[in-house]
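Here's upload.csv, which has CSV, C-alpha atoms and all ligand atoms:
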chain,number,residue,atom,x,y,z
A,229,MET,CA,160.4,62.7,2.1
A,230,ALA,CA,156.7,62.7,1.0
A,231,PRO,CA,156.1,60.0,-1.5
A,232,PHE,CA,153.8,62.3,-3.5
A,233,THR,CA,154.1,66.0,-4.4
A,234,PRO,CA,151.7,68.1,-2.2
A,235,GLY,CA,150.0,69.4,-5.3
A,236,PHE,CA,149.1,65.9,-6.4
A,237,LEU,CA,147.8,64.9,-3.0
A,238,GLY,CA,145.9,68.2,-2.7
A,239,ARG,CA,143.9,67.9,-5.9
A,240,ASP,CA,140.3,66.8,-5.9
A,241,ARG,CA,140.8,64.0,-8.3
A,242,SER,CA,137.2,62.9,-8.5
A,243,ALA,CA,136.4,66.3,-9.9
A,244,ASP,CA,139.3,66.1,-12.4
A,245,THR,CA,137.7,63.1,-14.1
A,246,THR,CA,135.1,65.5,-15.6
A,247,LEU,CA,137.7,67.9,-16.9
A,248,PRO,CA,139.7,67.8,-20.1
A,249,PRO,CA,143.4,67.2,-19.8
A,250,GLY,CA,145.4,70.1,-18.3
A,251,GLN,CA,142.3,72.0,-17.0
A,252,TYR,CA,141.6,73.0,-13.4
A,253,LEU,CA,138.2,73.8,-11.9
A,254,THR,CA,137.1,77.4,-11.1
A,255,HIS,CA,133.9,78.6,-9.6
A,256,ASP,CA,134.1,82.3,-10.5
A,257,PHE,CA,133.7,83.5,-14.1
A,258,PRO,CA,136.9,85.1,-15.4
A,259,VAL,CA,136.6,87.8,-18.1
A,260,LEU,CA,139.0,87.4,-21.0
A,261,SER,CA,138.8,90.0,-23.8
A,262,ALA,CA,141.4,91.0,-26.3
A,263,GLY,CA,140.2,94.6,-26.4
A,264,PRO,CA,137.6,97.0,-25.0
A,265,THR,CA,134.0,96.0,-24.4
A,266,PRO,CA,131.9,97.3,-27.3
A,267,ARG,CA,128.6,98.9,-26.4
A,268,ILE,CA,125.9,98.2,-29.0
A,269,PRO,CA,122.5,100.0,-28.6
A,270,LEU,CA,119.8,97.3,-29.0
A,271,ASP,CA,117.9,99.3,-31.5
A,272,ARG,CA,120.9,99.2,-33.8
A,273,TRP,CA,122.0,95.6,-32.9
A,274,GLU,CA,121.6,93.0,-35.6
A,275,PHE,CA,122.8,89.4,-36.2
A,276,THR,CA,123.5,88.4,-39.8
A,277,VAL,CA,124.3,85.2,-41.7
A,278,MET,CA,126.0,85.7,-45.0
A,279,THR,CA,126.3,82.7,-47.4
A,280,GLU,CA,129.2,82.1,-49.8
A,281,ALA,CA,126.9,83.4,-52.5
A,282,GLY,CA,126.6,86.8,-50.7
A,283,VAL,CA,123.0,86.2,-49.6
A,284,VAL,CA,122.4,87.9,-46.2
A,285,ARG,CA,119.8,87.1,-43.6
A,286,ARG,CA,119.3,89.6,-40.7
A,287,TRP,CA,117.7,89.4,-37.3
A,288,SER,CA,117.0,92.5,-35.2
A,289,TRP,CA,117.2,92.2,-31.5
A,290,ALA,CA,113.4,91.9,-31.3
A,291,GLU,CA,113.4,89.2,-34.0
A,292,LEU,CA,116.1,87.2,-32.2
A,293,LEU,CA,114.2,87.3,-28.9
A,294,ALA,CA,111.0,86.2,-30.8
A,295,LEU,CA,112.6,83.0,-31.9
A,296,PRO,CA,112.2,79.8,-29.8
A,297,SER,CA,115.0,79.7,-27.2
A,298,GLU,CA,116.7,76.9,-25.4
A,299,THR,CA,118.3,76.8,-21.9
A,300,PRO,CA,121.5,74.7,-22.2
A,301,THR,CA,123.5,73.8,-19.1
A,302,VAL,CA,127.1,73.4,-20.2
A,303,ASP,CA,130.8,73.2,-19.1
A,304,LEU,CA,133.2,75.9,-20.3
A,305,HIS,CA,136.9,75.2,-21.0
A,306,CYS,CA,139.2,78.1,-21.5
A,307,VAL,CA,142.6,77.5,-23.2
A,308,THR,CA,144.2,79.4,-20.3
A,309,LYS,CA,143.3,76.2,-18.4
A,310,TRP,CA,140.3,77.1,-16.3
A,311,SER,CA,137.1,75.2,-16.6
A,312,LYS,CA,133.7,76.1,-15.2
A,313,LEU,CA,131.1,73.4,-14.9
A,314,SER,CA,127.3,73.4,-15.3
A,315,THR,CA,126.8,77.0,-16.4
A,316,ASP,CA,123.2,78.0,-17.3
A,317,TRP,CA,122.4,79.9,-20.4
A,318,GLU,CA,119.5,80.9,-22.6
A,319,GLY,CA,119.7,81.5,-26.3
A,320,VAL,CA,118.7,80.5,-29.8
A,321,SER,CA,120.1,77.4,-31.3
A,322,LEU,CA,122.2,77.9,-34.5
A,323,ASP,CA,120.0,75.1,-35.9
A,324,THR,CA,117.1,77.6,-35.8
A,325,LEU,CA,119.1,80.4,-37.3
A,326,LEU,CA,120.8,78.3,-40.1
A,327,GLY,CA,117.9,75.9,-40.7
A,328,ASP,CA,116.6,77.4,-43.9
A,329,VAL,CA,119.8,79.0,-45.1
A,330,ASP,CA,120.8,77.6,-48.6
A,331,THR,CA,124.6,76.9,-48.6
A,332,ALA,CA,127.2,74.5,-49.8
A,333,ALA,CA,129.8,75.9,-47.4
A,334,ASP,CA,131.8,73.7,-45.0
A,335,TYR,CA,133.3,76.5,-42.9
A,336,ALA,CA,132.1,79.5,-40.8
A,337,LEU,CA,133.8,82.7,-39.8
A,338,VAL,CA,132.2,84.3,-36.8
A,339,ARG,CA,132.5,88.1,-36.5
A,340,SER,CA,131.9,90.2,-33.5
A,341,TYR,CA,131.2,93.9,-32.8
A,342,GLY,CA,134.7,95.3,-32.1
A,343,GLY,CA,136.4,93.2,-34.8
A,344,TYR,CA,137.1,89.9,-33.1
A,345,THR,CA,136.8,86.8,-35.3
A,346,THR,CA,137.0,83.1,-34.9
A,347,ASN,CA,136.6,80.2,-37.4
A,348,LEU,CA,135.2,76.7,-37.2
A,349,PRO,CA,133.7,74.0,-39.4
A,350,LEU,CA,130.0,74.8,-40.2
A,351,GLU,CA,129.0,71.3,-38.8
A,352,ASP,CA,130.2,72.3,-35.4
A,353,LEU,CA,127.5,75.0,-35.3
A,354,LEU,CA,124.8,72.5,-36.0
A,355,ASP,CA,123.0,69.6,-34.3
A,356,GLY,CA,122.4,71.2,-31.0
A,357,LYS,CA,126.0,72.2,-30.3
A,358,ALA,CA,125.9,76.0,-30.5
A,359,TRP,CA,123.7,78.9,-29.5
A,360,ILE,CA,123.5,82.7,-29.8
A,361,ALA,CA,123.2,83.2,-26.0
A,362,TYR,CA,121.7,86.3,-24.5
A,363,ARG,CA,121.0,85.2,-20.8
A,364,TYR,CA,123.4,83.8,-18.3
A,365,ASP,CA,122.5,82.4,-14.9
A,366,GLY,CA,119.0,83.8,-15.1
A,367,GLU,CA,120.0,87.3,-16.0
A,368,GLU,CA,120.7,89.4,-19.1
A,369,LEU,CA,124.2,88.5,-20.3
A,370,PRO,CA,126.6,91.0,-18.8
A,371,SER,CA,128.4,93.1,-21.4
A,372,GLU,CA,131.9,91.9,-20.1
A,373,HIS,CA,130.8,88.4,-20.9
A,374,GLY,CA,129.6,89.3,-24.4
A,375,GLY,CA,126.2,90.9,-23.9
A,376,PRO,CA,123.9,91.6,-25.5
A,377,ALA,CA,124.6,88.3,-27.2
A,378,ARG,CA,127.5,85.9,-27.7
A,379,LEU,CA,128.2,82.6,-29.5
A,380,LEU,CA,128.1,79.7,-27.1
A,381,ILE,CA,130.0,76.6,-28.4
A,382,PRO,CA,130.9,74.6,-25.3
A,383,HIS,CA,132.5,71.6,-27.0
A,384,LEU,CA,135.4,73.8,-28.2
A,385,TYR,CA,137.8,76.0,-26.2
A,386,LEU,CA,136.1,79.1,-25.1
A,387,TRP,CA,137.9,81.5,-27.5
A,388,LYS,CA,135.6,80.1,-30.2
A,389,SER,CA,132.6,81.4,-28.2
A,390,ALA,CA,132.7,84.9,-29.7
A,391,LYS,CA,131.4,87.6,-27.4
A,392,TRP,CA,129.3,90.5,-28.8
A,393,VAL,CA,128.6,88.4,-31.8
A,394,ARG,CA,127.5,90.3,-34.9
A,395,GLY,CA,127.3,87.6,-37.6
A,396,ILE,CA,128.5,84.5,-39.3
A,397,GLU,CA,130.0,84.2,-42.8
A,398,LEU,CA,129.6,80.8,-44.5
A,399,LEU,CA,132.7,80.0,-46.5
A,400,ILE,CA,133.8,77.4,-49.0
A,401,GLU,CA,137.4,77.8,-47.9
A,402,ASP,CA,138.4,77.9,-44.2
A,403,GLU,CA,139.7,81.3,-43.0
A,404,PRO,CA,141.6,81.7,-39.7
A,405,GLY,CA,140.1,84.0,-37.1
A,406,PHE,CA,141.9,86.3,-34.6
A,407,TRP,CA,143.5,83.7,-32.2
A,408,GLU,CA,143.8,81.1,-34.9
A,409,SER,CA,146.0,83.4,-37.0
A,410,LEU,CA,148.2,84.0,-33.9
A,411,GLY,CA,149.2,80.4,-33.4
A,412,TYR,CA,146.2,78.9,-31.5
A,413,HIS,CA,144.9,75.6,-32.8
A,414,ASN,CA,142.5,75.9,-35.8
A,415,TYR,CA,139.9,73.6,-34.2
A,416,GLY,CA,140.4,73.7,-30.5
A,417,ASP,CA,139.0,70.5,-29.0
A,418,PRO,CA,139.7,70.6,-25.2
A,419,TRP,CA,139.4,66.8,-24.9
A,420,ARG,CA,142.2,66.4,-27.4
A,421,GLU,CA,144.1,69.4,-25.8
A,422,GLN,CA,144.3,71.2,-29.1
A,423,ARG,CA,145.6,74.5,-27.6
A,424,TYR,CA,148.2,75.5,-30.2
A,425,GLN,CA,149.0,74.8,-33.9
A,426,GLY,CA,150.6,71.4,-34.0
A,427,ASP,CA,148.9,70.0,-30.8
A,501,LIG,N1,134.6,89.4,-29.2
A,501,LIG,C1,135.4,88.6,-28.4
A,501,LIG,N2,135.0,87.4,-28.1
A,501,LIG,C2,135.8,86.6,-27.3
A,501,LIG,C3,137.1,87.1,-26.9
A,501,LIG,C4,137.4,88.4,-27.2
A,501,LIG,O1,138.5,88.9,-26.9
A,501,LIG,N3,136.6,89.2,-28.0
A,501,LIG,N4,137.9,86.3,-26.1
A,501,LIG,C5,137.6,84.9,-26.2
A,501,LIG,C6,138.4,84.1,-25.2
A,501,LIG,S1,140.0,83.9,-25.4
A,501,LIG,C7,137.7,83.6,-24.1
A,501,LIG,S2,138.5,82.5,-23.0
A,501,LIG,C8,136.3,83.8,-23.9
A,501,LIG,C9,136.2,84.4,-22.5
A,501,LIG,O2,134.8,84.6,-22.2
A,501,LIG,P1,134.5,85.3,-20.8
A,501,LIG,O3,135.2,86.6,-20.8
A,501,LIG,O4,133.0,85.4,-20.8
A,501,LIG,O5,135.0,84.4,-19.7
A,501,LIG,O6,135.7,84.7,-24.8
A,501,LIG,C10,136.2,84.5,-26.1
A,501,LIG,N5,135.4,85.4,-27.0
A,502,MO,MO,140.6,82.3,-23.9

Show me this structure written as structure tokens.
Amino acid sequence: MAPFTPGFLGRDRSADTTLPPGQYLTHDFPVLSAGPTPRIPLDRWEFTVMTEAGVVRRWSWAELLALPSETPTVDLHCVTKWSKLSTDWEGVSLDTLLGDVDTAADYALVRSYGGYTTNLPLEDLLDGKAWIAYRYDGEELPSEHGGPARLLIPHLYLWKSAKWVRGIELLIEDEPGFWESLGYHNYGDPWREQRYQGD
């Protein structure tokens, strides 16, 4: 009898130390979408931030691209258990987009073209933790991965990184998004394995 299970011996455990609990490493980039891929002509694309007072700020595609961008290299962790390390992105920090927005809100509801939503505390969008990303691996972001632009928020499970992002609503009261209202964890920290409500 083997003293260890083959699966245990076969794992690259040095790599596992960089992964959150229960995750495995993948090198491809799976596509996970709850519906069809929306196609948004860039001349009609816009990104909006709406405050709890109903004040709306808008950026056209050209205005978004004119903002200073950053090139984060980040690890992605999907709740379906794959992780992909050191992915290269380009996009605009939410610090730049939210910097001069006047709000007393503590929560954000992110809305996508096509109707997808996800919620998170406003502070998780700030301090260099989130971007509106429009390039991946040196290329335009492919539409199946959320192009023309998606939220990138790598410290939470990837369902929070809304593809085809359209805007962010700032809210005084938290409001569950699509997966959060179907039983997924409200916050979704991969390092605390917050997959489902109650985790
Ligand atoms: N608009 C939208 N964004 C979305 C989703 C979706 O169905 N629609 N799926 C989420 C989930 S569950 C995951 S794991 C990631 C997958 O991103 P990928 O397809 O680029 O791997 O997108 C997230 N963002
Ligand atoms: Mo996911």

Please report, as a tab-separated table, each residue of chain A lying at most 8 Å from ligand LIG 501 (chain A), together with the nearest pair of atoms and the separation in Å rounded to one decimal; use only C-alpha atoms and all ligand atoms, and order rows by chain and ascending residue number.
residue	atom	partner	partner_atom	distance
A:Phe257	CA	A:LIG501	O5	5.8
A:Pro258	CA	A:LIG501	O5	4.8
A:Val259	CA	A:LIG501	O3	3.3
A:Leu260	CA	A:LIG501	O3	3.9
A:Ser261	CA	A:LIG501	O1	3.3
A:Ala262	CA	A:LIG501	O1	3.6
A:Gly263	CA	A:LIG501	O1	6.0
A:His305	CA	A:LIG501	S2	7.7
A:Cys306	CA	A:LIG501	S2	4.7
A:Val307	CA	A:LIG501	S2	6.5
A:Thr308	CA	A:LIG501	S2	7.0
A:Arg339	CA	A:LIG501	N1	7.7
A:Ser340	CA	A:LIG501	N1	5.1
A:Tyr341	CA	A:LIG501	N1	6.7
A:Gly342	CA	A:LIG501	N1	6.6
A:Gly343	CA	A:LIG501	N1	7.0
A:Tyr344	CA	A:LIG501	N1	4.7
A:Thr345	CA	A:LIG501	N1	7.0
A:Glu372	CA	A:LIG501	O3	6.3
A:His373	CA	A:LIG501	O4	3.7
A:Gly374	CA	A:LIG501	O4	6.3
A:Arg378	CA	A:LIG501	N2	7.7
A:Tyr385	CA	A:LIG501	S2	7.3
A:Leu386	CA	A:LIG501	S2	4.7
A:Trp387	CA	A:LIG501	C6	3.5
A:Lys388	CA	A:LIG501	C10	6.0
A:Ser389	CA	A:LIG501	N5	5.0
A:Ala390	CA	A:LIG501	N2	3.8
A:Lys391	CA	A:LIG501	N2	3.7
A:Trp392	CA	A:LIG501	N1	5.4
A:Val393	CA	A:LIG501	N1	6.6
A:Trp407	CA	A:LIG501	S1	7.7

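Of the listed residues (A:Leu369, A:Ser321, A:Trp310, A:Leu326), A:Trp310 comes nearest to ligand MO 502 (chain A); the distances count only C-alpha atoms and all ligand atoms.
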
Q) CA of Glu274 (chain A) and CA of Arg394 (chain A) are how many Å apart? A)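 Here the two named atoms are 6.5 Å from each other.
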
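Across the model, the gap from CA of Ser297 (chain A) to CA of Gly319 (chain A) is 5.1 Å.
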
Q.
Just checking: using all atoms listed in the file, which residue out of A:Leu313, A:Arg286, A:Arg420, A:Asp303 ends up closest to Gly395 (chain A)?
A.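 Looking only at the distances to Gly395 (chain A), the closest residue turns out to be A:Arg286.
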
Q | Long-range neighbours of Gln425 (chain A) as an MDAnalysis selection string, 7 Å cut-off, all atoms listed in the file, 4 positions minimum in chain | A | chainID A and resid 411:414

Go ahead and save the residues from that selection, with C-alpha atoms, as an mmCIF file, keeping the file's coordinate frame.
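Now in selection_18.cif:
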data_model
loop_
_atom_site.group_PDB
_atom_site.id
_atom_site.type_symbol
_atom_site.label_atom_id
_atom_site.label_comp_id
_atom_site.auth_asym_id
_atom_site.auth_seq_id
_atom_site.Cartn_x
_atom_site.Cartn_y
_atom_site.Cartn_z
ATOM 1 C CA GLY A 411 149.200 80.400 -33.400
ATOM 2 C CA TYR A 412 146.200 78.900 -31.500
ATOM 3 C CA HIS A 413 144.900 75.600 -32.800
ATOM 4 C CA ASN A 414 142.500 75.900 -35.800
#

Q. Given the choices A:Leu304, A:Ala361, A:Ala294, A:Leu348, which gets closest to ligand MO 502 (chain A) if the distance is worked out from all atoms listed in the file?
A. A:Leu304

Q) Quick one: of A:Asp328, A:Asp256, A:Asp323, A:Glu397, who's nearest to Ala281 (chain A), counting all atoms listed in the file? A) A:Glu397

Q | Among listed residues A:Leu253, A:Leu350, A:Leu379, A:Leu398, nearest Met278 (chain A) (using all atoms listed in the file) | A |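 Closest residue, counting all atoms listed in the file: A:Leu398.
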
Q: Kindly indicate which residue among A:Asp365, A:Ile268, A:Ser311, A:Leu337 lies nearest to ligand MO 502 (chain A), using only C-alpha atoms and all ligand atoms for the distances.
A: A:Ser311

Q.
Using Å and a single decimal, report how far CA of Pro264 (chain A) sits from CA of Gly416 (chain A).
A.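 CA of Pro264 (chain A) lies at a distance of 24.1 Å from CA of Gly416 (chain A).
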
Q | Spatial neighbours of Leu270 (chain A), 10 Å, all atoms listed in the file, chain gap at least 4 places, as a ChimeraX atom specification | A | /A:274,288-290,376

Q. Around (124.7, 70.9, -32.3) in the file's frame, which residues reach within 12 Å when counting only C-alpha atoms? Return as a list in words?
A.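 It turns out the residues near that spot are Pro300, Val320, Ser321, Leu322, Asp323, Thr324, Leu326, Gly327, Pro349, Leu350, Glu351, Asp352, Leu353, Leu354, Asp355, Gly356, Lys357, Ala358, Trp359, Leu380, Ile381, Pro382, His383 and Leu384 of chain A.
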
Please export region 339-352 of chain A as a short mmCIF file (atom, residue, chain, number, x, y, z; two decimals), in the first residue's frame, restricted to all heavy atoms.
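So decode29.cif came out as:
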data_model
loop_
_atom_site.label_atom_id
_atom_site.label_comp_id
_atom_site.auth_asym_id
_atom_site.auth_seq_id
_atom_site.Cartn_x
_atom_site.Cartn_y
_atom_site.Cartn_z
N ARG A 339 -22.21 47.42 -12.10
CA ARG A 339 -23.17 46.98 -13.13
C ARG A 339 -22.45 46.80 -14.46
O ARG A 339 -21.62 47.61 -14.84
CB ARG A 339 -24.28 48.02 -13.31
CG ARG A 339 -25.18 48.16 -12.10
CD ARG A 339 -26.32 49.13 -12.42
NE ARG A 339 -27.18 49.33 -11.28
CZ ARG A 339 -28.16 48.48 -10.93
NH1 ARG A 339 -28.41 47.40 -11.66
NH2 ARG A 339 -28.90 48.74 -9.87
N SER A 340 -22.84 45.73 -15.16
CA SER A 340 -22.23 45.43 -16.45
C SER A 340 -23.23 45.59 -17.58
O SER A 340 -24.44 45.43 -17.37
CB SER A 340 -21.73 43.99 -16.47
OG SER A 340 -20.67 43.82 -15.58
N TYR A 341 -22.74 45.86 -18.78
CA TYR A 341 -23.54 45.68 -19.99
C TYR A 341 -23.99 44.22 -20.02
O TYR A 341 -23.20 43.33 -19.75
CB TYR A 341 -22.72 46.01 -21.23
CG TYR A 341 -22.40 47.48 -21.36
CD1 TYR A 341 -21.20 47.99 -20.87
CD2 TYR A 341 -23.31 48.36 -21.92
CE1 TYR A 341 -20.90 49.34 -20.97
CE2 TYR A 341 -23.03 49.72 -22.03
CZ TYR A 341 -21.83 50.20 -21.55
OH TYR A 341 -21.55 51.53 -21.64
N GLY A 342 -25.26 43.97 -20.27
CA GLY A 342 -25.79 42.62 -20.23
C GLY A 342 -26.52 42.30 -18.94
O GLY A 342 -27.21 41.29 -18.86
N GLY A 343 -26.34 43.14 -17.91
CA GLY A 343 -27.16 43.00 -16.71
C GLY A 343 -26.50 42.40 -15.48
O GLY A 343 -27.07 42.42 -14.39
N TYR A 344 -25.28 41.85 -15.65
CA TYR A 344 -24.58 41.27 -14.49
C TYR A 344 -24.30 42.35 -13.45
O TYR A 344 -24.04 43.50 -13.80
CB TYR A 344 -23.27 40.67 -14.97
CG TYR A 344 -22.45 39.92 -13.94
CD1 TYR A 344 -22.71 38.58 -13.67
CD2 TYR A 344 -21.38 40.52 -13.29
CE1 TYR A 344 -21.94 37.87 -12.77
CE2 TYR A 344 -20.60 39.81 -12.39
CZ TYR A 344 -20.88 38.49 -12.13
OH TYR A 344 -20.11 37.77 -11.24
N THR A 345 -24.38 41.96 -12.17
CA THR A 345 -24.04 42.88 -11.09
C THR A 345 -23.19 42.15 -10.05
O THR A 345 -23.26 40.92 -9.93
CB THR A 345 -25.30 43.42 -10.38
OG1 THR A 345 -26.08 42.30 -9.92
CG2 THR A 345 -26.14 44.29 -11.29
N THR A 346 -22.41 42.91 -9.30
CA THR A 346 -21.71 42.35 -8.14
C THR A 346 -21.49 43.49 -7.15
O THR A 346 -21.36 44.65 -7.55
CB THR A 346 -20.39 41.66 -8.55
OG1 THR A 346 -19.85 40.96 -7.43
CG2 THR A 346 -19.36 42.65 -9.06
N ASN A 347 -21.48 43.13 -5.85
CA ASN A 347 -21.37 44.17 -4.82
C ASN A 347 -20.11 43.99 -4.00
O ASN A 347 -19.58 42.88 -3.88
CB ASN A 347 -22.59 44.13 -3.88
CG ASN A 347 -22.74 42.81 -3.15
OD1 ASN A 347 -22.78 41.74 -3.78
ND2 ASN A 347 -22.83 42.86 -1.83
N LEU A 348 -19.64 45.08 -3.43
CA LEU A 348 -18.47 45.03 -2.55
C LEU A 348 -18.39 46.32 -1.75
O LEU A 348 -19.03 47.32 -2.11
CB LEU A 348 -17.19 44.77 -3.36
CG LEU A 348 -16.67 45.80 -4.34
CD1 LEU A 348 -15.35 45.33 -4.90
CD2 LEU A 348 -17.63 46.01 -5.49
N PRO A 349 -17.64 46.28 -0.64
CA PRO A 349 -17.44 47.52 0.11
C PRO A 349 -16.66 48.53 -0.74
O PRO A 349 -15.73 48.14 -1.46
CB PRO A 349 -16.62 47.08 1.33
CG PRO A 349 -16.84 45.61 1.46
CD PRO A 349 -17.02 45.13 0.03
N LEU A 350 -17.03 49.79 -0.66
CA LEU A 350 -16.35 50.81 -1.45
C LEU A 350 -14.85 50.81 -1.18
O LEU A 350 -14.05 51.00 -2.10
CB LEU A 350 -16.97 52.19 -1.13
CG LEU A 350 -16.32 53.40 -1.79
CD1 LEU A 350 -16.25 53.25 -3.30
CD2 LEU A 350 -17.09 54.67 -1.41
N GLU A 351 -14.44 50.58 0.07
CA GLU A 351 -13.01 50.66 0.37
C GLU A 351 -12.21 49.59 -0.37
O GLU A 351 -11.01 49.77 -0.60
CB GLU A 351 -12.75 50.57 1.88
CG GLU A 351 -13.13 49.26 2.51
CD GLU A 351 -12.80 49.23 4.01
OE1 GLU A 351 -12.36 50.25 4.56
OE2 GLU A 351 -13.02 48.17 4.62
N ASP A 352 -12.85 48.49 -0.79
CA ASP A 352 -12.13 47.48 -1.56
C ASP A 352 -11.80 47.93 -2.98
O ASP A 352 -10.98 47.30 -3.66
CB ASP A 352 -12.91 46.16 -1.58
CG ASP A 352 -12.80 45.46 -0.24
OD1 ASP A 352 -13.58 45.81 0.68
OD2 ASP A 352 -11.91 44.61 -0.07
#
